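The data block below is work28.cif; it holds mmCIF, C-alpha atoms.
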data_start
loop_
_atom_site.label_atom_id
_atom_site.label_comp_id
_atom_site.auth_asym_id
_atom_site.auth_seq_id
_atom_site.Cartn_x
_atom_site.Cartn_y
_atom_site.Cartn_z
CA MET A 166 29.17 -0.88 -41.22
CA ALA A 167 31.14 0.72 -44.08
CA ASP A 168 29.98 0.91 -47.69
CA HIS A 169 32.23 -1.03 -50.02
CA LEU A 170 32.81 -2.44 -53.50
CA GLU A 171 31.61 -6.03 -53.70
CA ILE A 172 33.83 -8.13 -56.01
CA GLU A 173 32.69 -11.71 -56.39
CA GLN A 174 32.14 -14.68 -58.67
CA LYS A 175 29.16 -17.03 -58.38
CA PHE A 176 28.88 -20.70 -59.31
CA ASP A 177 26.01 -23.17 -59.52
CA VAL A 178 26.67 -26.52 -57.85
CA ASP A 179 24.73 -29.75 -57.36
CA ALA A 180 23.54 -31.09 -54.01
CA GLY A 181 26.45 -33.52 -53.70
CA PHE A 182 29.18 -30.99 -54.55
CA THR A 183 32.29 -31.05 -52.33
CA LEU A 184 34.21 -27.82 -51.87
CA PRO A 185 37.85 -28.19 -53.01
CA GLY A 186 40.94 -27.05 -51.13
CA PHE A 187 42.35 -23.62 -51.93
CA ALA A 188 46.06 -24.09 -51.20
CA THR A 189 47.07 -23.01 -54.73
CA VAL A 190 45.33 -19.62 -54.48
CA PRO A 191 47.97 -16.84 -54.70
CA GLY A 192 49.02 -15.67 -51.22
CA TYR A 193 47.46 -18.68 -49.47
CA ALA A 194 48.77 -19.47 -45.98
CA SER A 195 45.77 -21.01 -44.21
CA VAL A 196 42.00 -21.31 -44.12
CA SER A 197 39.62 -20.65 -41.25
CA GLY A 198 36.19 -22.19 -40.86
CA PRO A 199 33.92 -23.50 -42.06
CA VAL A 200 31.41 -21.45 -40.07
CA THR A 201 27.67 -21.78 -40.72
CA HIS A 202 25.25 -18.83 -40.61
CA HIS A 203 21.48 -18.80 -41.05
CA LEU A 204 20.40 -15.78 -43.10
CA SER A 205 16.90 -14.44 -43.69
CA ALA A 206 16.40 -11.71 -46.29
CA THR A 207 13.44 -9.70 -47.51
CA TYR A 208 13.91 -8.05 -50.90
CA TYR A 209 12.20 -4.77 -51.78
CA ASP A 210 11.26 -3.33 -55.16
CA THR A 211 8.58 -1.29 -56.92
CA PRO A 212 5.48 -2.66 -58.64
CA GLY A 213 6.87 -3.94 -61.94
CA THR A 214 10.32 -4.57 -60.32
CA ARG A 215 12.02 -1.46 -61.67
CA LEU A 216 15.08 -1.96 -59.44
CA ALA A 217 15.64 -5.54 -60.60
CA ALA A 218 15.31 -4.42 -64.23
CA SER A 219 18.19 -1.99 -63.57
CA LYS A 220 20.27 -4.74 -61.87
CA ILE A 221 19.76 -3.11 -58.46
CA THR A 222 18.92 -5.14 -55.35
CA LEU A 223 17.61 -3.83 -52.04
CA ARG A 224 17.20 -6.15 -49.07
CA ARG A 225 16.81 -6.32 -45.32
CA ARG A 226 18.78 -9.26 -43.93
CA THR A 227 19.12 -10.78 -40.48
CA GLY A 228 21.77 -13.28 -39.42
CA GLY A 229 25.44 -13.58 -40.29
CA THR A 230 28.23 -11.07 -39.82
CA ASP A 231 26.78 -8.26 -41.96
CA GLU A 232 23.10 -8.20 -41.11
CA GLY A 233 21.32 -4.98 -41.99
CA TRP A 234 19.92 -3.19 -45.01
CA HIS A 235 21.95 -3.72 -48.19
CA LEU A 236 21.60 -1.78 -51.44
CA LYS A 237 23.64 -3.16 -54.35
CA LEU A 238 24.25 -0.95 -57.38
CA PRO A 239 26.05 -1.89 -60.63
CA ALA A 240 29.65 -0.67 -60.65
CA SER A 241 31.76 -2.55 -63.21
CA ALA A 242 32.14 -6.03 -64.64
CA GLY A 243 32.12 -8.47 -61.73
CA ALA A 244 31.67 -5.75 -59.12
CA ARG A 245 28.82 -3.93 -57.40
CA ARG A 246 28.76 -0.95 -55.07
CA GLU A 247 27.19 -2.04 -51.80
CA ILE A 248 25.64 0.52 -49.44
CA HIS A 249 24.74 -0.55 -45.89
CA GLU A 250 22.40 0.74 -43.23
CA PRO A 251 21.99 -0.87 -39.77
CA LEU A 252 18.84 -2.60 -38.59
CA MET A 253 16.54 -0.57 -36.37
CA ALA A 254 13.74 -1.83 -34.12
CA GLY A 255 10.47 -1.96 -36.05
CA ASP A 256 12.01 -1.04 -39.42
CA GLU A 257 10.74 -4.11 -41.29
CA GLY A 258 8.43 -2.11 -43.54
CA GLN A 259 10.40 1.14 -43.74
CA VAL A 260 13.34 1.37 -46.14
CA PRO A 261 16.03 3.73 -44.74
CA GLU A 262 15.87 7.20 -46.27
CA ARG A 263 19.48 7.11 -47.51
CA LEU A 264 18.79 3.98 -49.54
CA THR A 265 15.47 5.30 -50.82
CA ALA A 266 17.25 8.42 -52.06
CA HIS A 267 19.77 6.35 -54.03
CA VAL A 268 17.01 4.58 -56.00
CA ALA A 269 14.47 7.41 -56.25
CA GLU A 270 15.12 8.09 -59.93
CA VAL A 271 14.83 4.42 -60.90
CA ALA A 272 11.73 3.94 -58.71
CA GLY A 273 10.05 6.88 -60.45
CA GLY A 274 7.90 7.76 -57.44
CA LEU A 275 6.52 4.24 -57.02
CA PRO A 276 6.49 2.74 -53.52
CA LEU A 277 9.04 0.18 -52.35
CA ALA A 278 7.56 -2.98 -50.85
CA PRO A 279 8.61 -6.59 -50.16
CA ILE A 280 8.69 -8.76 -53.29
CA ALA A 281 10.66 -11.84 -52.19
CA LEU A 282 11.78 -13.81 -49.15
CA LEU A 283 15.03 -15.78 -49.12
CA SER A 284 16.36 -18.11 -46.44
CA THR A 285 19.98 -19.18 -46.75
CA GLU A 286 22.15 -21.59 -44.82
CA ARG A 287 25.63 -20.21 -45.51
CA THR A 288 28.79 -22.19 -44.80
CA LEU A 289 31.70 -19.75 -44.93
CA THR A 290 35.35 -20.67 -45.48
CA THR A 291 37.96 -17.88 -45.32
CA VAL A 292 41.25 -18.07 -47.22
CA ARG A 293 43.97 -16.16 -45.36
CA GLY A 294 47.46 -14.88 -46.09
CA PRO A 295 50.66 -15.11 -43.99
CA ALA A 296 49.61 -12.30 -41.62
CA GLY A 297 46.10 -13.67 -41.22
CA GLU A 298 44.67 -11.19 -43.71
CA VAL A 299 41.61 -12.19 -45.71
CA ILE A 300 42.44 -13.16 -49.29
CA ALA A 301 39.03 -14.53 -50.20
CA GLU A 302 35.78 -15.67 -48.62
CA VAL A 303 34.05 -18.73 -50.07
CA ALA A 304 30.34 -18.97 -49.24
CA ASP A 305 28.58 -22.29 -49.84
CA ASP A 306 24.88 -21.38 -49.86
CA GLU A 307 21.80 -23.59 -49.56
CA VAL A 308 18.93 -21.32 -50.62
CA ALA A 309 15.14 -21.47 -50.27
CA ALA A 310 13.31 -18.61 -51.99
CA ARG A 311 9.77 -17.52 -52.74
CA ARG A 312 8.00 -14.47 -54.07
CA GLU A 313 6.07 -12.45 -51.50
CA GLY A 314 2.67 -14.06 -51.01
CA ALA A 315 3.30 -16.93 -53.45
CA PRO A 316 1.71 -20.28 -52.53
CA GLY A 317 3.39 -23.66 -52.69
CA ALA A 318 6.91 -24.89 -51.99
CA PRO A 319 9.85 -22.49 -52.24
CA LEU A 320 12.43 -22.66 -55.01
CA ARG A 321 15.58 -24.38 -53.71
CA TRP A 322 19.13 -24.46 -55.02
CA ARG A 323 22.77 -24.49 -53.97
CA GLU A 324 25.44 -22.05 -55.09
CA VAL A 325 28.98 -21.00 -54.20
CA GLU A 326 30.24 -17.40 -54.07
CA VAL A 327 33.87 -16.32 -53.97
CA GLU A 328 34.33 -12.75 -52.73
CA VAL A 329 37.60 -10.85 -52.49
CA PRO A 330 38.19 -7.68 -50.41
CA ARG A 331 39.97 -5.89 -53.27
CA GLU A 332 40.56 -6.42 -56.98
CA SER A 333 42.46 -9.70 -57.19
CA PRO A 334 42.18 -11.19 -60.70
CA ALA A 335 44.73 -13.94 -59.99
CA VAL A 336 42.93 -15.01 -56.80
CA LEU A 337 39.53 -15.11 -58.53
CA ALA A 338 40.95 -16.95 -61.54
CA GLU A 339 42.56 -19.68 -59.43
CA ALA A 340 39.54 -20.06 -57.16
CA ALA A 341 37.36 -20.41 -60.27
CA ARG A 342 39.71 -23.00 -61.76
CA LEU A 343 39.57 -25.08 -58.58
CA LEU A 344 35.78 -24.88 -58.31
CA LEU A 345 35.18 -25.70 -61.97
CA ALA A 346 37.56 -28.67 -61.76
CA ALA A 347 35.54 -29.91 -58.75
CA GLY A 348 32.31 -29.82 -60.76
CA ALA A 349 30.94 -26.29 -60.26
CA ARG A 350 29.46 -24.33 -63.18
CA PRO A 351 29.45 -20.58 -63.87
CA ALA A 352 26.26 -19.18 -62.35
CA ALA A 353 23.35 -18.88 -64.77
CA LYS A 354 22.14 -15.74 -62.94
CA GLY A 355 24.01 -12.82 -61.43
CA SER A 356 22.03 -12.76 -58.17
CA LYS A 357 19.76 -14.90 -56.04
CA LEU A 358 16.86 -12.53 -56.63
CA ALA A 359 17.29 -12.70 -60.42
CA ARG A 360 17.17 -16.48 -60.25
CA LEU A 361 13.93 -16.39 -58.29
CA LEU A 362 12.23 -13.76 -60.45
CA ASP A 363 13.10 -15.66 -63.64
CA SER A 364 11.58 -18.90 -62.29
CA PRO A 365 7.90 -19.25 -63.26
CA GLY A 366 5.44 -19.86 -60.44
CA LYS A 367 7.86 -19.09 -57.59
#

Taking this structure as input, can you express it in the form of structure tokens?
Amino acid sequence: MADHLEIEQKFDVDAGFTLPGFATVPGYASVSGPVTHHLSATYYDTPGTRLAASKITLRRRTGGTDEGWHLKLPASAGARREIHEPLMAGDEGQVPERLTAHVAEVAGGLPLAPIALLSTERTLTTVRGPAGEVIAEVADDEVAARREGAPGAPLRWREVEVEVPRESPAVLAEAARLLLAAGARPAAKGSKLARLLDSPGK
């Protein structure tokens, strides 16, 4: 699983939102999907959430096409550097050494431990070009999230992410136009974890 630059836009949508068509996206030839994946992610941070304060996320995720350990580091506006490590048997409580090394300075010697649990039902639609190449992936996510050990019902919401495999301003701009016209709103938070951590009592 290769490390890569994650370039995406996120949108908040209501429960009754209907995904629009994407035929006007530059380079469009066809779409594939939708395909639904069930994702389960445990997020790790220090006491006091030093990683989150630095806009860094570290998670262990099962399900979907890219399950594994994911470390996301700020890169540039609208983009994050994503570093992957594969899942290993019995690794639930042990962050891979390569990822620990990347956040050691921010962590300041504090231990990394689970802080949040997220369950996502992801419906993925892929926009493809004439040769079948991926132009954009549109993920329609139904999310249930809770802080580690928190009582009560989880926080629930729905959001849509548009991710492109390379810098494609025209593709992102047109996808955003279509989603906004259909009733989506620019996301209030830059990540699922940030939304959870900023919600009192969850």

I need the output of the PyMOL selection byres ((chain A and resi 227-230) around 12) for this file as number ranges by chain; which residues are they?
A: 166, 200-208, 224-226, 231-235, 251-253, 257, 282-289, 304

For the file shown, report as a ChimeraX atom specification the outcome of the PyMOL selection byres ((chain A and resi 209) around 10) at residue level.
/A:206-208,210-212,214,216-217,222-225,236,258,260,276-282,313

Do you have the CA of Ala244 (chain A)-CA of Asp256 (chain A) distance handy?
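We find that CA of Ala244 (chain A) and CA of Asp256 (chain A) lie 28.2 Å from each other.
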
Counting only C-alpha atoms, what is within 6 Å of Pro319 (chain A), bar same-chain residues fewer than 3 positions away, as a ChimeraX atom specification?
/A:309-311

Go ahead and write the selection's residues with C-alpha atoms as a compact mmCIF listing (two decimals), in the coordinates of the input.
# COMPACT_ATOMS: atom_id res chain seq x y z
CA ALA A 309 15.14 -21.47 -50.27
CA ALA A 310 13.31 -18.61 -51.99
CA ARG A 311 9.77 -17.52 -52.74

Determine, counting only C-alpha atoms, which protein, DNA and RNA residues have an atom within 9 Å of an atom of Leu337 (chain A); residues of the same chain fewer than 3 positions away are not included. Present the result as a VMD selection string.
chain A and resid 173 to 174 190 301 327 to 329 332 to 334 340 to 342

Rank nothing, just name the residue among A:Val178, A:Val196, A:Ala269, A:Ala335 nearest to Ala352 (chain A), using all atoms listed in the file.
A:Val178

Nearest to Phe187 (chain A), restricted to only C-alpha atoms and choosing among A:Leu362, A:Ala353, A:Leu344, A:Leu238, comes out as A:Leu344

Within 9 Å of Val271 (chain A), counting all atoms listed in the file, which residues qualify if same-chain residues fewer than 2 places away don't, as a PyMOL selection string?
chain A and resi 215-216+219+267-269+273-274

If you keep C-alpha atoms, can you produce a file of those selected residues as a PDB file, in the frame of the given file?
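And here is the file that came out, again-v7.pdb:
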ATOM      1  CA  ARG A 215      12.020  -1.460 -61.670  1.00  0.00           C
ATOM      2  CA  LEU A 216      15.080  -1.960 -59.440  1.00  0.00           C
ATOM      3  CA  SER A 219      18.190  -1.990 -63.570  1.00  0.00           C
ATOM      4  CA  HIS A 267      19.770   6.350 -54.030  1.00  0.00           C
ATOM      5  CA  VAL A 268      17.010   4.580 -56.000  1.00  0.00           C
ATOM      6  CA  ALA A 269      14.470   7.410 -56.250  1.00  0.00           C
ATOM      7  CA  GLY A 273      10.050   6.880 -60.450  1.00  0.00           C
ATOM      8  CA  GLY A 274       7.900   7.760 -57.440  1.00  0.00           C
TER       9      GLY A 274
END

Interatomic distance, CA of Lys220 (chain A) to CA of Glu339 (chain A) (Å, one decimal):
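Answer for the CA of Lys220 (chain A) to CA of Glu339 (chain A) separation: 26.9 Å.
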
Rounded to one decimal place, report the CA of Glu324 (chain A)-CA of Phe176 (chain A) distance in Å.
5.6 Å

Would you compute, for all listed atoms of region 254-258 of chain A, the axis-aligned bounding box grown by 5 Å on each side, and then report its centre and edge lengths in Å rounded to one decimal, as AutoDock Vina command-line options?
--center_x 11.1 --center_y -2.6 --center_z -38.8 --size_x 15.3 --size_y 13.1 --size_z 19.4

Hey, which of A:Ala254, A:Val292, A:Ala318, A:Leu264 ends up closest to Lys237 (chain A)? Count all atoms listed in the file.
A:Leu264

Best match for closeness to Ile300 (chain A) among A:Val336, A:Leu361, A:Ala188, A:Ala315, counting only C-alpha atoms:
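Between A:Val336, A:Leu361, A:Ala188, A:Ala315, the residue approaching Ile300 (chain A) most closely is A:Val336.
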
Using only C-alpha atoms, the best pick from A:Asp305, A:Tyr193, A:Leu343, A:Asp363 as closest to Lys175 (chain A) would be A:Asp305

Go through A:Gly198, A:Pro191, A:Pro330, A:Pro261 one by one, measure the shortest atom-to-atom distance of each to Pro295 (chain A) using all atoms listed in the file, and give the residue with the smallest value.
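The answer is A:Pro191, which sits nearest to Pro295 (chain A).
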
Show which residues sit within 12 Å of Ala180 (chain A), as a list of chain:residue names. Count all atoms listed in the file, and ignore same-chain residues fewer than 6 positions away.
A:Asp305, A:Asp306, A:Glu307, A:Val308, A:Arg321, A:Trp322, A:Arg323, A:Glu324, A:Val325, A:Gly348, A:Ala349
